[in-house]
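Listing of model-v3.txt; format and content: compact mmCIF, C-alpha atoms.
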```
# COMPACT_ATOMS: atom_id res chain seq x y z
CA MET A 1 16.47 -10.17 3.43
CA ALA A 2 19.08 -7.49 4.05
CA HIS A 3 17.53 -6.70 7.38
CA SER A 4 18.66 -10.10 8.63
CA ILE A 5 22.23 -9.11 7.90
CA GLN A 6 21.87 -5.73 9.59
CA ASN A 7 20.06 -7.27 12.54
CA ASN A 8 22.59 -10.05 13.21
CA ASN A 9 26.04 -8.83 14.28
CA VAL A 10 28.45 -11.38 15.83
CA SER A 11 30.92 -10.19 18.48
CA ARG A 12 33.28 -11.96 20.89
CA ASP A 13 30.78 -11.67 23.75
CA SER A 14 27.50 -12.05 21.90
CA VAL A 15 26.27 -12.85 18.44
CA ARG A 16 24.14 -10.38 16.65
CA LEU A 17 24.81 -10.49 12.91
CA THR A 18 24.42 -6.81 12.10
CA LEU A 19 22.84 -8.34 7.79
CA LEU A 20 19.21 -10.45 3.96
CA LEU A 21 19.85 -5.04 -1.70
CA ILE A 22 21.75 6.00 -8.85
CA LEU A 23 25.11 6.47 -7.65
CA LEU A 24 25.75 7.17 -4.02
CA VAL A 25 25.42 10.90 -3.90
CA LEU A 26 23.27 10.95 -0.79
CA SER A 27 22.34 13.77 1.45
CA SER A 28 23.57 13.32 5.01
CA GLU A 29 20.14 14.48 6.11
CA PRO A 30 17.52 11.83 6.93
CA ILE A 31 14.63 11.56 4.51
CA LYS A 32 12.11 14.11 5.66
CA VAL A 33 8.73 12.66 6.38
CA GLY A 34 5.82 15.00 6.74
CA ALA A 35 3.41 16.24 4.12
CA GLN A 36 -0.08 15.46 2.87
CA ARG A 37 -1.51 12.93 5.33
CA ALA A 38 -4.36 10.63 4.30
CA ASP A 39 -7.08 9.39 6.63
CA PRO A 40 -6.40 5.72 7.46
CA ARG A 41 -10.10 5.20 8.25
CA ASP A 42 -11.14 6.09 4.71
CA PRO A 43 -11.90 2.83 2.77
CA GLN A 44 -10.55 4.47 -0.38
CA ASN A 45 -7.13 4.81 1.25
CA SER A 46 -7.17 1.13 2.18
CA ARG A 47 -7.84 0.22 -1.46
CA ARG A 48 -5.25 2.73 -2.68
CA GLY A 49 -2.60 1.34 -0.31
CA ARG A 50 -3.10 -2.20 -1.61
CA GLU A 51 -3.12 -0.97 -5.19
CA LEU A 52 0.23 0.79 -4.72
CA LEU A 53 1.80 -2.33 -3.20
CA ARG A 54 0.54 -4.42 -6.12
CA MET A 55 2.15 -1.92 -8.49
CA SER A 56 5.39 -2.19 -6.53
CA ILE A 57 5.25 -6.00 -6.76
CA ALA A 58 4.72 -5.74 -10.52
CA ALA A 59 7.69 -3.38 -10.78
CA ARG A 60 9.89 -5.81 -8.87
CA GLY A 61 9.05 -8.70 -11.19
CA GLY A 62 5.43 -9.74 -10.67
CA GLN A 63 4.92 -13.48 -10.45
CA SER A 64 8.67 -14.13 -10.58
CA TYR A 65 8.97 -12.03 -7.43
CA THR A 66 6.03 -13.48 -5.52
CA GLU A 67 7.06 -17.08 -6.24
CA ILE A 68 10.61 -16.88 -4.89
CA ARG A 69 11.39 -20.05 -2.90
CA THR A 70 15.07 -19.56 -2.06
CA VAL A 71 17.64 -16.75 -2.14
CA THR A 72 21.41 -17.20 -2.18
CA ALA A 73 23.37 -13.96 -1.96
CA THR A 74 26.90 -12.69 -1.43
CA GLY A 75 28.16 -9.21 -0.69
CA LEU A 76 29.81 -6.82 1.72
CA PHE A 77 28.56 -5.63 5.10
CA THR A 78 29.96 -2.27 6.21
CA PRO A 79 29.40 -1.05 9.78
CA PHE A 80 29.33 2.69 10.48
CA GLU A 81 30.64 4.40 13.62
CA LYS A 82 29.18 7.83 14.33
CA GLY A 83 28.16 8.04 10.68
CA LEU A 84 31.60 7.06 9.33
CA SER A 85 32.14 3.82 7.40
CA GLN A 86 34.41 1.15 8.88
CA ILE A 87 36.12 -1.91 7.37
CA PRO A 88 33.67 -4.02 5.29
CA THR A 89 33.23 -7.75 5.81
CA GLN A 90 32.34 -10.37 3.20
CA PHE A 91 29.08 -12.25 3.81
CA GLU A 92 27.04 -15.09 2.32
CA ASN A 93 23.32 -15.42 2.92
CA PHE A 94 21.03 -18.43 2.38
CA ILE A 95 17.25 -18.10 2.70
CA VAL A 96 14.70 -20.87 2.28
CA TYR A 97 11.18 -19.50 2.64
CA PRO A 98 9.22 -19.34 4.79
CA ASP A 99 11.47 -19.52 7.86
CA GLN A 100 15.01 -20.80 7.32
CA GLU A 101 18.04 -18.54 7.06
CA ARG A 102 21.81 -18.78 7.39
CA VAL A 103 24.16 -15.79 7.40
CA GLU A 104 27.92 -16.34 7.30
CA PHE A 105 30.65 -13.72 7.72
CA GLY A 106 34.26 -14.36 6.80
CA LYS A 107 35.91 -17.08 4.78
CA GLY A 108 38.65 -19.61 5.21
CA LYS A 109 39.62 -20.98 8.60
CA LYS A 110 36.98 -21.57 11.26
CA LYS A 111 38.45 -18.86 13.50
CA ASP A 112 37.72 -16.25 10.83
CA ARG A 113 34.07 -17.22 10.42
CA ARG A 114 30.89 -16.15 12.19
CA LEU A 115 27.53 -17.79 11.61
CA GLN A 116 23.92 -17.32 12.59
CA VAL A 117 21.34 -19.90 11.57
CA ASN A 118 17.60 -19.58 12.19
CA ILE A 119 14.81 -22.10 11.67
CA GLY A 120 11.49 -20.63 12.71
CA ARG A 121 11.77 -19.61 16.36
CA SER A 122 14.94 -21.56 17.01
CA GLY A 123 18.53 -21.24 15.93
CA TRP A 124 22.22 -21.53 16.67
CA VAL A 125 25.34 -19.40 16.38
CA TYR A 126 29.05 -19.93 15.82
CA ASP A 127 31.63 -17.34 16.86
CA GLY A 128 35.04 -18.07 15.35
CA ASP A 129 36.84 -15.52 17.53
CA ALA A 130 35.60 -17.10 20.74
CA GLN A 131 35.48 -20.63 19.25
CA THR A 132 31.95 -21.18 20.56
CA LEU A 133 29.04 -23.09 19.06
CA LYS A 134 25.74 -22.75 20.91
CA GLU A 135 21.99 -22.27 20.75
CA GLN A 136 20.69 -18.74 20.28
CA ASN A 137 19.42 -17.04 23.39
CA ASP A 138 15.94 -15.54 23.73
CA GLN A 139 17.06 -12.05 22.73
CA GLN A 140 18.78 -13.27 19.58
CA ILE A 141 15.66 -15.20 18.57
CA ALA A 142 13.48 -12.15 19.29
CA ASP A 143 15.77 -9.90 17.21
CA TYR A 144 15.58 -12.30 14.27
CA VAL A 145 11.80 -12.62 14.44
CA GLU A 146 11.41 -8.85 14.59
CA GLY A 147 13.70 -8.53 11.58
CA THR A 148 11.54 -10.87 9.51
CA GLU A 149 8.40 -8.98 10.50
CA ILE A 150 9.68 -5.71 9.03
CA ASP A 151 11.59 -7.28 6.12
CA LEU A 152 10.63 -5.51 2.87
CA ASP A 153 10.32 -8.66 0.76
CA ARG A 154 8.20 -10.47 3.32
CA LEU A 155 5.95 -7.43 3.67
CA LEU A 156 5.44 -7.05 -0.08
CA ARG A 157 4.95 -10.76 -0.66
CA GLY A 158 2.37 -11.10 2.11
CA ASN A 159 -1.30 -11.68 1.29
CA LEU A 160 -2.58 -8.30 0.12
CA ALA A 161 -6.08 -9.72 -0.33
CA ASP A 162 -6.35 -10.64 3.36
CA PRO A 163 -8.97 -8.24 4.81
CA GLU A 164 -7.39 -8.66 8.26
CA ARG A 165 -4.14 -7.01 7.08
CA LYS A 166 -4.39 -3.31 7.87
CA ILE A 167 -2.85 -1.52 4.90
CA PHE A 168 -3.59 2.07 3.94
CA TYR A 169 -2.33 4.87 1.75
CA ALA A 170 -0.79 7.49 4.04
CA GLY A 171 -0.31 10.29 1.49
CA ARG A 172 2.55 11.88 -0.40
CA GLU A 173 5.72 12.52 1.56
CA GLU A 174 8.38 15.11 0.82
CA LEU A 175 11.82 13.52 0.51
CA ARG A 176 13.63 16.70 -0.48
CA PRO A 177 12.45 20.03 -1.90
CA GLY A 178 10.46 19.25 -5.04
CA GLU A 179 10.69 15.47 -4.60
CA ARG A 180 7.82 13.42 -3.18
CA ALA A 181 7.04 9.74 -2.71
CA GLU A 182 3.88 7.72 -2.21
CA MET A 183 3.65 6.36 1.33
CA VAL A 184 1.89 3.11 2.30
CA THR A 185 1.57 2.08 5.94
CA ILE A 186 1.14 -1.51 7.15
CA GLU A 187 0.02 -2.17 10.72
CA LEU A 188 1.86 -5.13 12.24
CA ASP A 189 -0.24 -5.03 15.41
CA ALA A 190 -2.07 -2.47 17.54
CA ASP A 191 1.17 -0.77 18.62
CA ARG A 192 3.47 -1.22 15.62
CA GLN A 193 3.43 -0.12 12.02
CA VAL A 194 5.81 0.10 9.09
CA SER A 195 5.71 2.70 6.33
CA ILE A 196 7.04 2.05 2.81
CA LEU A 197 7.90 5.00 0.56
CA LEU A 198 7.52 4.28 -3.16
CA ASP A 199 8.93 6.16 -6.13
CA ARG A 200 6.04 7.90 -7.86
CA SER A 201 7.09 6.87 -11.37
CA SER A 202 8.66 3.41 -10.99
CA TYR A 203 6.81 2.34 -7.79
CA LEU A 204 10.04 0.78 -6.52
CA PRO A 205 10.60 1.10 -2.76
CA ILE A 206 12.77 4.06 -1.74
CA SER A 207 12.78 3.48 1.99
CA LEU A 208 11.11 1.69 4.87
CA ILE A 209 10.48 3.50 8.17
CA TYR A 210 9.41 2.23 11.58
CA GLU A 211 9.90 2.90 15.29
CA LYS A 212 11.78 0.65 17.66
CA SER A 213 12.19 0.70 21.43
CA ARG A 214 15.84 0.82 22.52
CA SER A 215 16.78 1.07 26.19
CA GLY A 216 13.33 2.38 27.05
CA ALA A 217 13.32 5.09 24.35
CA MET A 218 11.66 5.05 20.94
CA THR A 219 14.00 5.46 17.98
CA ARG A 220 13.26 6.14 14.33
CA GLN A 221 14.66 3.37 12.14
CA GLU A 222 14.99 3.86 8.40
CA ILE A 223 16.17 1.52 5.65
CA ARG A 224 16.99 3.09 2.28
CA PHE A 225 17.15 1.20 -1.02
CA PHE A 226 19.34 2.13 -4.00
CA GLN A 227 20.61 0.93 -7.37
CA TYR A 228 18.03 -1.68 -8.40
CA VAL A 229 19.49 -4.48 -10.52
CA ARG A 230 17.66 -7.39 -12.16
CA TYR A 231 18.61 -10.85 -10.88
CA ASP A 232 16.87 -13.90 -12.40
CA GLY A 233 14.01 -11.71 -13.59
CA VAL A 234 13.52 -9.81 -10.31
CA LEU A 235 14.68 -6.32 -9.36
CA PHE A 236 16.64 -6.10 -6.11
CA PRO A 237 18.33 -3.04 -4.58
CA ASN A 238 22.09 -3.62 -4.75
CA ILE A 239 22.75 -1.13 -1.93
CA ILE A 240 20.81 -0.90 1.33
CA ASP A 241 21.58 1.66 4.03
CA PHE A 242 20.39 1.46 7.64
CA TYR A 243 19.79 4.56 9.78
CA ARG A 244 18.81 5.20 13.38
CA ASP A 245 17.50 8.68 14.23
CA GLY A 246 19.08 10.02 11.05
CA VAL A 247 22.56 8.58 11.66
CA GLN A 248 23.80 5.79 9.39
CA GLU A 249 24.58 2.53 11.22
CA SER A 250 25.53 0.20 8.37
CA ARG A 251 25.41 -0.63 4.66
CA VAL A 252 24.79 -3.88 2.79
CA THR A 253 26.19 -4.07 -0.76
CA TYR A 254 25.20 -7.11 -2.78
CA GLN A 255 27.59 -8.68 -5.27
CA THR A 256 25.46 -11.64 -6.41
CA ILE A 257 21.87 -12.78 -5.86
CA ARG A 258 20.58 -16.14 -7.07
CA LEU A 259 16.91 -17.10 -6.89
CA ASN A 260 15.34 -20.54 -6.48
CA LYS A 261 18.70 -22.28 -6.37
CA GLU A 262 18.66 -25.54 -4.42
CA VAL A 263 20.04 -25.02 -0.92
CA ASP A 264 21.59 -27.94 0.99
CA GLY A 265 19.41 -28.53 4.05
CA ARG A 266 22.48 -29.56 6.05
CA LEU A 267 23.52 -25.90 6.18
CA PHE A 268 20.78 -25.28 8.75
CA ILE A 269 21.54 -28.25 11.02
CA LYS A 270 23.62 -27.48 14.09
CA PRO A 271 26.77 -29.65 14.00
CA ALA A 272 27.63 -31.83 16.98
CA SER A 273 30.95 -30.01 17.39
CA ILE A 274 33.04 -27.21 15.91
CA LYS A 275 35.14 -29.81 14.07
CA GLU A 276 32.07 -30.84 12.08
CA LEU A 277 31.17 -27.29 11.10
CA LYS A 278 30.61 -26.92 7.34
```

Show how you would write the structure in this file as structure tokens.
Amino acid sequence: MAHSIQNNNVSRDSVRLTLLLILLVLSSEPIKVGAQRADPRDPQNSRRGRELLRMSIAARGGQSYTEIRTVTATGLFTPFEKGLSQIPTQFENFIVYPDQERVEFGKGKKKDRRLQVNIGRSGWVYDGDAQTLKEQNDQQIADYVEGTEIDLDRLLRGNLADPERKIFYAGREELRPGERAEMVTIELDADRQVSILLDRSSYLPISLIYEKSRSGAMTRQEIRFFQYVRYDGVLFPNIIDFYRDGVQESRVTYQTIRLNKEVDGRLFIKPASIKELK
């Protein structure tokens, strides 16, 4: 869910809310990927990949994790500029699975708030700085859909038994000297794949890595997960860092996460005017 926050930043000219969780003594180096590669065509690696994801699901909370219906979360979003942290912003996130989400930045008066609401492949945005309320454009919809496709929770909670899902064990990857992780790769389609690195003892996700085309060039995107905390019986990372080509772009820090709390459906309905905005 944090990827929705990171992927949706609202500005005066366009809305793209840049948000949906160990102590922070992190190396400034990107996690190094490259070690013992496994053959994706080997049926044993397909079985091993699914087995590792099941173990990760069990570590997160098992049935309590797979049966999540709604998520309500609050926290801080911190943008980074050239690797340096900037002023954090308060956010609130509402998710109703499978395809409804609302992210709100700022509190108080309407001019201090920014909203992005998605329902399937449609949505609307409110920019308090510009005092505009309008439908999302095609690019904003595409960014949101892409964010859901590589979202960690949606990937883990997908149907692992589906033989059409291409999942395979990719080998052990060196994170730092003497530290390795188990790597599982999921093919989204013929040209796209996502790799999840799992801790070898706890099986909790350490990071998620994929490639993304930006301005005609491929970039290496990485999402790192830290400080797992149990909320309503499920482990969530309280801190999530986003990197592009080894340079940190943002951080999401969760303060509260509530599961299966009833969410008012009116939050997702576009108001007729700014005056009616809730």

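Shortest separation to Asp191 of chain A among A:Leu175, A:Thr256, A:Gly61, A:Glu211 occurs at residue A:Glu211, atoms counted being all atoms listed in the file.
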
**Request:** Could you jot down the atom CA of Ala59 of chain A to atom CA of Ile95 of chain A separation for me, Å, one decimal place?
**Result:** 22.1 Å

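With atom CA of Ala58 of chain A on one side and atom CA of Arg37 of chain A on the other, the separation reads 25.3 Å.
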
**Complete:** In terms of all atoms listed in the file, the residue from A:Asp99, A:Glu182, A:Glu187, A:Asp143 at minimal distance from Pro205 of chain A is A:Glu182

**Prompt:** If we count only C-alpha atoms, what is near Asp232 of chain A at a cut-off of 10 Å, once residues fewer than 2 positions away on the same chain are taken out, given as a PyMOL selection string?
**Reply:** chain A and resi 61+64-65+229-230+234-235+257-260

Now that the selection is made, can you save its residues with C-alpha atoms as a PDB file, in the frame of the given file?
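What ended up in part.pdb:
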```
ATOM      1  CA  GLY A  61       9.050  -8.700 -11.190  1.00  0.00           C
ATOM      2  CA  SER A  64       8.670 -14.130 -10.580  1.00  0.00           C
ATOM      3  CA  TYR A  65       8.970 -12.030  -7.430  1.00  0.00           C
ATOM      4  CA  VAL A 229      19.490  -4.480 -10.520  1.00  0.00           C
ATOM      5  CA  ARG A 230      17.660  -7.390 -12.160  1.00  0.00           C
ATOM      6  CA  VAL A 234      13.520  -9.810 -10.310  1.00  0.00           C
ATOM      7  CA  LEU A 235      14.680  -6.320  -9.360  1.00  0.00           C
ATOM      8  CA  ILE A 257      21.870 -12.780  -5.860  1.00  0.00           C
ATOM      9  CA  ARG A 258      20.580 -16.140  -7.070  1.00  0.00           C
ATOM     10  CA  LEU A 259      16.910 -17.100  -6.890  1.00  0.00           C
ATOM     11  CA  ASN A 260      15.340 -20.540  -6.480  1.00  0.00           C
TER      12      ASN A 260
END
```

Set the distance at 6 Å and use only C-alpha atoms: which residues neighbour Val125 of chain A once local chain neighbours fewer than 2 positions away are removed? I'd like the list as a PDB file with C-alpha atoms, in the frame of the given file.
```
ATOM      1  CA  LEU A 115      27.530 -17.790  11.610  1.00  0.00           C
ATOM      2  CA  GLN A 116      23.920 -17.320  12.590  1.00  0.00           C
ATOM      3  CA  LEU A 133      29.040 -23.090  19.060  1.00  0.00           C
ATOM      4  CA  LYS A 134      25.740 -22.750  20.910  1.00  0.00           C
TER       5      LYS A 134
END
```

**Asked** By how many Å are atom CA of Glu174 of chain A and atom CA of Ala161 of chain A apart?
**Response**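 Interatomic distance here is 28.8 Å.
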
**Proximity to Thr219 of chain A - best of A:Ser201, A:Arg266, A:Val247, A:Asp241, all atoms listed in the file** =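 Distance minimum relative to Thr219 of chain A lands on A:Val247.
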
**Among the residues A:Glu149, A:Gly171, A:Leu208, A:Tyr203, the one that comes closest to Asp189 of chain A [using only C-alpha atoms]** =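 The answer is A:Glu149, which sits nearest to Asp189 of chain A.
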
**Request:** For the point (4.2, -4.8, 4.6) in the file's frame, write as an NGL selection string all residues with an atom no more than 6 Å away, counting only C-alpha atoms.
**Result:** :A and (155-156 or 186)
